[in-house]
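Trainee: What follows is query.pdb; its format and atoms are PDB, C-alpha atoms.
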MODEL        1
ATOM      1  CA  MET A   1       0.000   0.000   0.000  1.00  0.00           C
ATOM      2  CA  ALA A   2       2.920   2.366   0.755  1.00  0.00           C
ATOM      3  CA  LEU A   3       1.008   4.751   3.011  1.00  0.00           C
ATOM      4  CA  SER A   4       2.527   7.677   4.917  1.00  0.00           C
ATOM      5  CA  ASP A   5       2.056   8.311   8.631  1.00  0.00           C
ATOM      6  CA  VAL A   6      -0.632  10.902   7.918  1.00  0.00           C
ATOM      7  CA  ALA A   7      -2.440   8.594   5.463  1.00  0.00           C
ATOM      8  CA  LEU A   8      -2.486   5.785   8.037  1.00  0.00           C
ATOM      9  CA  CYS A   9      -3.940   8.150  10.648  1.00  0.00           C
ATOM     10  CA  ALA A  10      -6.464   9.587   8.183  1.00  0.00           C
ATOM     11  CA  ARG A  11      -7.778   6.116   7.364  1.00  0.00           C
ATOM     12  CA  ALA A  12      -7.931   5.216  11.045  1.00  0.00           C
ATOM     13  CA  LEU A  13      -9.925   8.375  11.721  1.00  0.00           C
ATOM     14  CA  VAL A  14     -12.395   7.411   8.991  1.00  0.00           C
ATOM     15  CA  MET A  15     -12.774   3.993  10.684  1.00  0.00           C
ATOM     16  CA  VAL A  16     -13.802   5.835  13.878  1.00  0.00           C
ATOM     17  CA  GLY A  17     -16.253   7.994  11.964  1.00  0.00           C
ATOM     18  CA  ALA A  18     -14.196  11.185  12.289  1.00  0.00           C
ATOM     19  CA  ALA A  19     -13.011  13.545   9.568  1.00  0.00           C
ATOM     20  CA  PRO A  20      -9.697  12.543   7.965  1.00  0.00           C
ATOM     21  CA  ILE A  21      -6.665  14.810   8.248  1.00  0.00           C
ATOM     22  CA  SER A  22      -4.179  15.882   5.599  1.00  0.00           C
ATOM     23  CA  SER A  23      -1.465  17.013   8.030  1.00  0.00           C
ATOM     24  CA  PHE A  24      -0.532  16.594  11.675  1.00  0.00           C
ATOM     25  CA  GLU A  25      -0.285  20.385  11.876  1.00  0.00           C
ATOM     26  CA  GLU A  26      -3.982  21.040  11.217  1.00  0.00           C
ATOM     27  CA  ASP A  27      -5.750  22.988  13.950  1.00  0.00           C
ATOM     28  CA  VAL A  28      -8.363  20.309  14.704  1.00  0.00           C
ATOM     29  CA  ALA A  29      -8.738  17.767  17.510  1.00  0.00           C
ATOM     30  CA  GLU A  30      -8.251  14.831  15.114  1.00  0.00           C
ATOM     31  CA  ALA A  31      -4.798  16.074  14.042  1.00  0.00           C
ATOM     32  CA  GLU A  32      -3.713  16.798  17.605  1.00  0.00           C
ATOM     33  CA  ILE A  33      -4.769  13.342  18.825  1.00  0.00           C
ATOM     34  CA  ALA A  34      -3.128  11.635  15.833  1.00  0.00           C
ATOM     35  CA  ARG A  35       0.103  13.639  16.311  1.00  0.00           C
ATOM     36  CA  MET A  36       0.252  12.728  20.008  1.00  0.00           C
ATOM     37  CA  LEU A  37      -0.657   9.030  19.769  1.00  0.00           C
ATOM     38  CA  TYR A  38       0.707   7.850  16.427  1.00  0.00           C
ATOM     39  CA  PRO A  39       4.464   7.523  17.221  1.00  0.00           C
ATOM     40  CA  SER A  40       3.964   5.497  20.399  1.00  0.00           C
ATOM     41  CA  VAL A  41       1.274   3.249  18.879  1.00  0.00           C
ATOM     42  CA  ARG A  42       3.468   2.576  15.807  1.00  0.00           C
ATOM     43  CA  ASP A  43       6.546   1.802  17.928  1.00  0.00           C
ATOM     44  CA  GLY A  44       4.481  -0.339  20.289  1.00  0.00           C
ATOM     45  CA  MET A  45       3.102  -2.359  17.378  1.00  0.00           C
ATOM     46  CA  LEU A  46       6.591  -2.864  15.955  1.00  0.00           C
ATOM     47  CA  ALA A  47       8.055  -3.820  19.344  1.00  0.00           C
ATOM     48  CA  GLY A  48       5.210  -6.158  20.272  1.00  0.00           C
ATOM     49  CA  TYR A  49       6.169  -8.939  17.861  1.00  0.00           C
ATOM     50  CA  PRO A  50       9.373 -10.040  16.085  1.00  0.00           C
ATOM     51  CA  TRP A  51       8.136  -8.921  12.642  1.00  0.00           C
ATOM     52  CA  ARG A  52      10.145 -10.469   9.808  1.00  0.00           C
ATOM     53  CA  PHE A  53       9.708  -7.418   7.596  1.00  0.00           C
ATOM     54  CA  ALA A  54      11.226  -5.186  10.295  1.00  0.00           C
ATOM     55  CA  GLY A  55      14.037  -7.520  11.295  1.00  0.00           C
ATOM     56  CA  ARG A  56      17.543  -6.157  10.853  1.00  0.00           C
ATOM     57  CA  GLY A  57      21.006  -7.136  11.960  1.00  0.00           C
ATOM     58  CA  SER A  58      24.342  -5.401  12.345  1.00  0.00           C
ATOM     59  CA  TRP A  59      27.700  -5.601  14.042  1.00  0.00           C
ATOM     60  CA  LEU A  60      27.716  -3.008  16.784  1.00  0.00           C
ATOM     61  CA  SER A  61      30.322  -0.277  17.177  1.00  0.00           C
ATOM     62  CA  ARG A  62      32.185  -0.330  20.452  1.00  0.00           C
ATOM     63  CA  LEU A  63      32.058   2.958  22.312  1.00  0.00           C
ATOM     64  CA  ALA A  64      35.371   4.608  23.175  1.00  0.00           C
ATOM     65  CA  ASP A  65      37.008   3.330  26.370  1.00  0.00           C
ATOM     66  CA  GLY A  66      38.096   6.841  27.353  1.00  0.00           C
ATOM     67  CA  SER A  67      34.552   7.684  28.414  1.00  0.00           C
ATOM     68  CA  GLY A  68      34.496   5.066  31.143  1.00  0.00           C
ATOM     69  CA  THR A  69      32.543   2.549  29.085  1.00  0.00           C
ATOM     70  CA  SER A  70      34.835  -0.415  29.658  1.00  0.00           C
ATOM     71  CA  SER A  71      35.090  -2.505  32.785  1.00  0.00           C
ATOM     72  CA  ALA A  72      38.594  -3.960  33.068  1.00  0.00           C
ATOM     73  CA  ARG A  73      37.502  -6.386  35.785  1.00  0.00           C
ATOM     74  CA  ASP A  74      34.948  -8.322  33.770  1.00  0.00           C
ATOM     75  CA  GLY A  75      36.061  -7.466  30.215  1.00  0.00           C
ATOM     76  CA  SER A  76      32.737  -5.900  29.307  1.00  0.00           C
ATOM     77  CA  HIS A  77      32.289  -3.038  26.881  1.00  0.00           C
ATOM     78  CA  LEU A  78      29.499  -0.729  25.807  1.00  0.00           C
ATOM     79  CA  PHE A  79      28.334  -0.926  22.202  1.00  0.00           C
ATOM     80  CA  ALA A  80      26.189   1.692  20.476  1.00  0.00           C
ATOM     81  CA  LEU A  81      22.703   0.605  19.435  1.00  0.00           C
ATOM     82  CA  PRO A  82      21.530   1.451  15.901  1.00  0.00           C
ATOM     83  CA  ARG A  83      19.402   4.614  15.610  1.00  0.00           C
ATOM     84  CA  ASP A  84      16.434   2.621  14.313  1.00  0.00           C
ATOM     85  CA  PHE A  85      16.552   0.062  17.179  1.00  0.00           C
ATOM     86  CA  ILE A  86      13.196  -0.788  18.786  1.00  0.00           C
ATOM     87  CA  ARG A  87      13.480  -4.343  20.141  1.00  0.00           C
ATOM     88  CA  LEU A  88      16.319  -6.792  20.686  1.00  0.00           C
ATOM     89  CA  LEU A  89      15.827 -10.217  19.125  1.00  0.00           C
ATOM     90  CA  SER A  90      19.225 -11.826  19.710  1.00  0.00           C
ATOM     91  CA  LEU A  91      22.815 -10.932  20.473  1.00  0.00           C
ATOM     92  CA  GLU A  92      25.813 -12.898  19.232  1.00  0.00           C
ATOM     93  CA  ASN A  93      29.559 -12.689  18.870  1.00  0.00           C
ATOM     94  CA  ASP A  94      32.078 -14.831  17.026  1.00  0.00           C
ATOM     95  CA  GLY A  95      31.614 -17.577  19.614  1.00  0.00           C
ATOM     96  CA  GLY A  96      27.801 -17.819  19.391  1.00  0.00           C
ATOM     97  CA  LYS A  97      24.906 -16.432  21.413  1.00  0.00           C
ATOM     98  CA  ILE A  98      25.614 -13.918  24.169  1.00  0.00           C
ATOM     99  CA  ALA A  99      23.561 -14.840  27.219  1.00  0.00           C
ATOM    100  CA  ALA A 100      24.522 -12.009  29.575  1.00  0.00           C
ATOM    101  CA  PHE A 101      24.040  -8.401  28.503  1.00  0.00           C
ATOM    102  CA  GLU A 102      22.557  -5.186  29.823  1.00  0.00           C
ATOM    103  CA  LEU A 103      20.576  -2.684  27.764  1.00  0.00           C
ATOM    104  CA  ARG A 104      21.289   0.933  28.594  1.00  0.00           C
ATOM    105  CA  ASP A 105      20.263   4.239  27.064  1.00  0.00           C
ATOM    106  CA  GLN A 106      21.183   3.847  23.351  1.00  0.00           C
ATOM    107  CA  ALA A 107      23.874   1.279  24.264  1.00  0.00           C
ATOM    108  CA  ILE A 108      24.279  -2.305  25.331  1.00  0.00           C
ATOM    109  CA  LYS A 109      26.853  -3.662  27.778  1.00  0.00           C
ATOM    110  CA  VAL A 110      28.399  -6.960  26.694  1.00  0.00           C
ATOM    111  CA  ALA A 111      31.290  -9.055  27.988  1.00  0.00           C
ATOM    112  CA  GLY A 112      33.557  -9.316  24.953  1.00  0.00           C
ATOM    113  CA  ASP A 113      35.087  -7.345  22.130  1.00  0.00           C
ATOM    114  CA  SER A 114      32.370  -7.754  19.488  1.00  0.00           C
ATOM    115  CA  ALA A 115      28.598  -8.028  19.274  1.00  0.00           C
ATOM    116  CA  TYR A 116      26.164  -8.768  16.456  1.00  0.00           C
ATOM    117  CA  LEU A 117      22.633  -7.552  17.124  1.00  0.00           C
ATOM    118  CA  ALA A 118      19.493  -8.965  15.504  1.00  0.00           C
ATOM    119  CA  TYR A 119      16.702  -6.499  16.183  1.00  0.00           C
ATOM    120  CA  VAL A 120      13.363  -5.017  15.154  1.00  0.00           C
ATOM    121  CA  ALA A 121      13.904  -1.681  13.440  1.00  0.00           C
ATOM    122  CA  ARG A 122      11.788   1.458  13.176  1.00  0.00           C
ATOM    123  CA  LEU A 123      11.105   1.590   9.438  1.00  0.00           C
ATOM    124  CA  PRO A 124       9.657   4.271   7.201  1.00  0.00           C
ATOM    125  CA  GLU A 125       5.892   3.824   6.870  1.00  0.00           C
ATOM    126  CA  GLY A 126       6.159   3.320   3.110  1.00  0.00           C
ATOM    127  CA  SER A 127       7.974   0.020   3.692  1.00  0.00           C
ATOM    128  CA  PHE A 128       5.236  -1.519   5.855  1.00  0.00           C
ATOM    129  CA  PRO A 129       3.497  -4.487   4.201  1.00  0.00           C
ATOM    130  CA  ALA A 130      -0.255  -4.292   3.620  1.00  0.00           C
ATOM    131  CA  TRP A 131      -1.116  -6.637   6.498  1.00  0.00           C
ATOM    132  CA  PHE A 132       0.796  -4.458   8.974  1.00  0.00           C
ATOM    133  CA  ASP A 133      -0.845  -1.300   7.578  1.00  0.00           C
ATOM    134  CA  LEU A 134      -4.276  -2.822   8.233  1.00  0.00           C
ATOM    135  CA  ALA A 135      -3.382  -3.919  11.753  1.00  0.00           C
ATOM    136  CA  LEU A 136      -1.856  -0.524  12.553  1.00  0.00           C
ATOM    137  CA  MET A 137      -4.886   1.348  11.207  1.00  0.00           C
ATOM    138  CA  ALA A 138      -7.226  -0.831  13.277  1.00  0.00           C
ATOM    139  CA  ARG A 139      -5.161  -0.198  16.421  1.00  0.00           C
ATOM    140  CA  LEU A 140      -5.003   3.536  15.720  1.00  0.00           C
ATOM    141  CA  ALA A 141      -8.777   3.634  15.259  1.00  0.00           C
ATOM    142  CA  ALA A 142      -9.215   1.935  18.632  1.00  0.00           C
ATOM    143  CA  GLU A 143      -6.804   4.371  20.313  1.00  0.00           C
ATOM    144  CA  PHE A 144      -8.386   7.427  18.655  1.00  0.00           C
ATOM    145  CA  CYS A 145     -11.962   6.392  19.429  1.00  0.00           C
ATOM    146  CA  LEU A 146     -12.315   7.289  23.097  1.00  0.00           C
ATOM    147  CA  PRO A 147     -10.740  10.770  22.945  1.00  0.00           C
ATOM    148  CA  LEU A 148     -12.756  11.642  19.827  1.00  0.00           C
ATOM    149  CA  THR A 149     -16.136  10.029  20.470  1.00  0.00           C
ATOM    150  CA  GLU A 150     -16.174   9.301  24.225  1.00  0.00           C
ATOM    151  CA  SER A 151     -17.916   6.038  23.334  1.00  0.00           C
ATOM    152  CA  SER A 152     -16.441   3.232  25.412  1.00  0.00           C
ATOM    153  CA  THR A 153     -18.671   0.676  23.669  1.00  0.00           C
ATOM    154  CA  ARG A 154     -17.336   1.639  20.244  1.00  0.00           C
ATOM    155  CA  ALA A 155     -13.776   1.719  21.616  1.00  0.00           C
ATOM    156  CA  GLU A 156     -14.158  -1.822  23.009  1.00  0.00           C
ATOM    157  CA  TYR A 157     -15.452  -3.036  19.652  1.00  0.00           C
ATOM    158  CA  LEU A 158     -12.538  -1.377  17.834  1.00  0.00           C
ATOM    159  CA  PHE A 159      -9.967  -2.868  20.246  1.00  0.00           C
ATOM    160  CA  LYS A 160     -11.405  -6.346  19.607  1.00  0.00           C
ATOM    161  CA  ARG A 161     -11.283  -5.717  15.884  1.00  0.00           C
ATOM    162  CA  ALA A 162      -7.688  -4.478  16.218  1.00  0.00           C
ATOM    163  CA  GLU A 163      -6.709  -7.678  18.065  1.00  0.00           C
ATOM    164  CA  ASP A 164      -8.254  -9.769  15.286  1.00  0.00           C
ATOM    165  CA  GLN A 165      -6.405  -7.752  12.660  1.00  0.00           C
ATOM    166  CA  LEU A 166      -3.143  -8.085  14.614  1.00  0.00           C
ATOM    167  CA  ARG A 167      -3.589 -11.864  14.764  1.00  0.00           C
ATOM    168  CA  GLU A 168      -4.037 -11.955  10.977  1.00  0.00           C
ATOM    169  CA  ALA A 169      -0.974  -9.748  10.478  1.00  0.00           C
ATOM    170  CA  ARG A 170       1.159 -12.012  12.675  1.00  0.00           C
ATOM    171  CA  LEU A 171       0.011 -15.036  10.692  1.00  0.00           C
ATOM    172  CA  ALA A 172       0.807 -13.343   7.376  1.00  0.00           C
ATOM    173  CA  ASP A 173       4.227 -12.291   8.656  1.00  0.00           C
ATOM    174  CA  ALA A 174       4.991 -15.783   9.968  1.00  0.00           C
ATOM    175  CA  GLN A 175       4.240 -17.232   6.529  1.00  0.00           C
ATOM    176  CA  GLN A 176       6.972 -15.129   4.921  1.00  0.00           C
ATOM    177  CA  SER A 177       9.677 -17.744   5.551  1.00  0.00           C
ATOM    178  CA  THR A 178      10.165 -21.474   5.797  1.00  0.00           C
ATOM    179  CA  PRO A 179       9.025 -22.883   9.168  1.00  0.00           C
ATOM    180  CA  HIS A 180      11.748 -24.084  11.495  1.00  0.00           C
ATOM    181  CA  ALA A 181      12.113 -27.868  11.420  1.00  0.00           C
ATOM    182  CA  ILE A 182      12.817 -29.990  14.462  1.00  0.00           C
ATOM    183  CA  ASP A 183      15.953 -31.792  13.338  1.00  0.00           C
ATOM    184  CA  ASP A 184      17.368 -33.686  16.288  1.00  0.00           C
ATOM    185  CA  PHE A 185      14.627 -34.593  18.748  1.00  0.00           C
ATOM    186  CA  SER A 186      15.024 -37.689  20.914  1.00  0.00           C
ATOM    187  CA  LEU A 187      11.351 -38.732  20.881  1.00  0.00           C
ATOM    188  CA  ILE A 188      11.248 -38.761  17.084  1.00  0.00           C
ATOM    189  CA  ALA A 189      14.479 -40.751  16.951  1.00  0.00           C
ATOM    190  CA  ALA A 190      13.101 -43.256  19.506  1.00  0.00           C
ATOM    191  CA  ARG A 191      10.155 -44.056  17.228  1.00  0.00           C
ATOM    192  CA  GLY A 192      12.557 -45.319  14.616  1.00  0.00           C
TER     193      GLY A 192
ENDMDL
END
Please express the file's structure as structure tokens.
Mentor:
Amino acid sequence: MALSDVALCARALVMVGAAPISSFEEDVAEAEIARMLYPSVRDGMLAGYPWRFAGRGSWLSRLADGSGTSSARDGSHLFALPRDFIRLLSLENDGGKIAAFELRDQAIKVAGDSAYLAYVARLPEGSFPAWFDLALMARLAAEFCLPLTESSTRAEYLFKRAEDQLREARLADAQQSTPHAIDDFSLIAARG
């Protein structure tokens, strides 16, 4: 669909029964509510599930030791998180998975000299697939409903609809790759 942030909000407002907006800067309640709620709802939707379309990976840059970011006692270092980071999926180094780490403000503390981060990224709205657009619009409509209409009954209905749409989006996203096979499982081997 390749919709912008404003287009997503405008369609969500129509789902509520409100007038659509053409800019977040309009001097109407719909634009103010959309401007205030949209970024956190979008980021929450992206962070709430390990979306394949938003999955990214990169080797992290180690922060300079001169700023007190290294601990000589345990060999840990701080690494800068990518600017588009929303949710950590896994952390590895040359030796495999890193089990012990600590997330800090825009950095991650890891014992070792390197770190590869698999994460969910904040993407431009135009790169969202259609199923995520629909789920996001449904969630936005549910969030916009109460402040715009003061109808808790309609808001409850829209939240249920948003959950159904989110379930469909998760299913569509999960079907975008080959399922993981169980290769070496003792009960299967015991059957012969």
Trainee: If we count only C-alpha atoms, what is near Ser90 in chain A at a cut-off of 9 Å, once residues fewer than 2 positions away on the same chain are taken out, given as a count of residues only?
Mentor: 8
Trainee: Written as a CSV table (one decimal) with C-alpha atoms, in the frame of the given file, what is the full residue list that the PyMOL selection byres ((chain A and resi 10) around 9) yields on the file shown?
Mentor:
chain,number,residue,atom,x,y,z
A,5,ASP,CA,2.1,8.3,8.6
A,6,VAL,CA,-0.6,10.9,7.9
A,7,ALA,CA,-2.4,8.6,5.5
A,8,LEU,CA,-2.5,5.8,8.0
A,9,CYS,CA,-3.9,8.2,10.6
A,11,ARG,CA,-7.8,6.1,7.4
A,12,ALA,CA,-7.9,5.2,11.0
A,13,LEU,CA,-9.9,8.4,11.7
A,14,VAL,CA,-12.4,7.4,9.0
A,15,MET,CA,-12.8,4.0,10.7
A,18,ALA,CA,-14.2,11.2,12.3
A,19,ALA,CA,-13.0,13.5,9.6
A,20,PRO,CA,-9.7,12.5,8.0
A,21,ILE,CA,-6.7,14.8,8.2
A,22,SER,CA,-4.2,15.9,5.6
A,23,SER,CA,-1.5,17.0,8.0
A,30,GLU,CA,-8.3,14.8,15.1
A,31,ALA,CA,-4.8,16.1,14.0
A,34,ALA,CA,-3.1,11.6,15.8
A,137,MET,CA,-4.9,1.3,11.2
Trainee: When the PyMOL selection byres ((chain A and resi 166) around 9) is applied to the structure above, which residues does it catch, written out as an MDAnalysis selection string?
Mentor: chainID A and resid 45 131:132 134:136 138:139 161:165 167:171
Trainee: Can you list, as a PyMOL selection string, every protein, DNA or RNA residue that comes within 12 Å of Leu146 in chain A when you count all atoms listed in the file, leaving out same-chain residues fewer than 3 positions away?
Mentor: chain A and resi 13+16-18+30+33+140-143+149-159
Trainee: A:Cys145, A:Ala64, A:Ala115, A:Val41: which is nearest Gly95 in chain A, counting only C-alpha atoms?
Mentor: A:Ala115
Trainee: Can you measure CA of Phe79 in chain A to CA of Pro124 in chain A for me? One decimal in Å is fine.
Mentor: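 Distance between the two atoms: 24.5 Å.
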Trainee: Rounded to one decimal in Å, what is the spacing between CA of Asp173 in chain A and CA of Pro39 in chain A?
Mentor: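 Between CA of Asp173 in chain A and CA of Pro39 in chain A the gap is 21.6 Å.
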Trainee: If I take CA of Leu3 in chain A and CA of Leu37 in chain A, how far is one from the other in Å, to one decimal?
Mentor: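 Spanning CA of Leu3 in chain A to CA of Leu37 in chain A is a straight-line distance of 17.4 Å.
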Trainee: From the list A:Leu123, A:Leu103, A:Leu91, A:Ile86, which residue is nearest Trp59 in chain A when using only C-alpha atoms?
Mentor: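 Among A:Leu123, A:Leu103, A:Leu91, A:Ile86, it is A:Leu91 that comes nearest to Trp59 in chain A.
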Trainee: As AutoDock Vina command-line options, what would the box around range 93-106 of chain A look like: edges along x, y and z, 8 Å added on every side, centre and edge lengths in Å to one decimal?
Mentor:
--center_x 26.2 --center_y -6.8 --center_z 23.4 --size_x 27.8 --size_y 38.1 --size_z 28.8
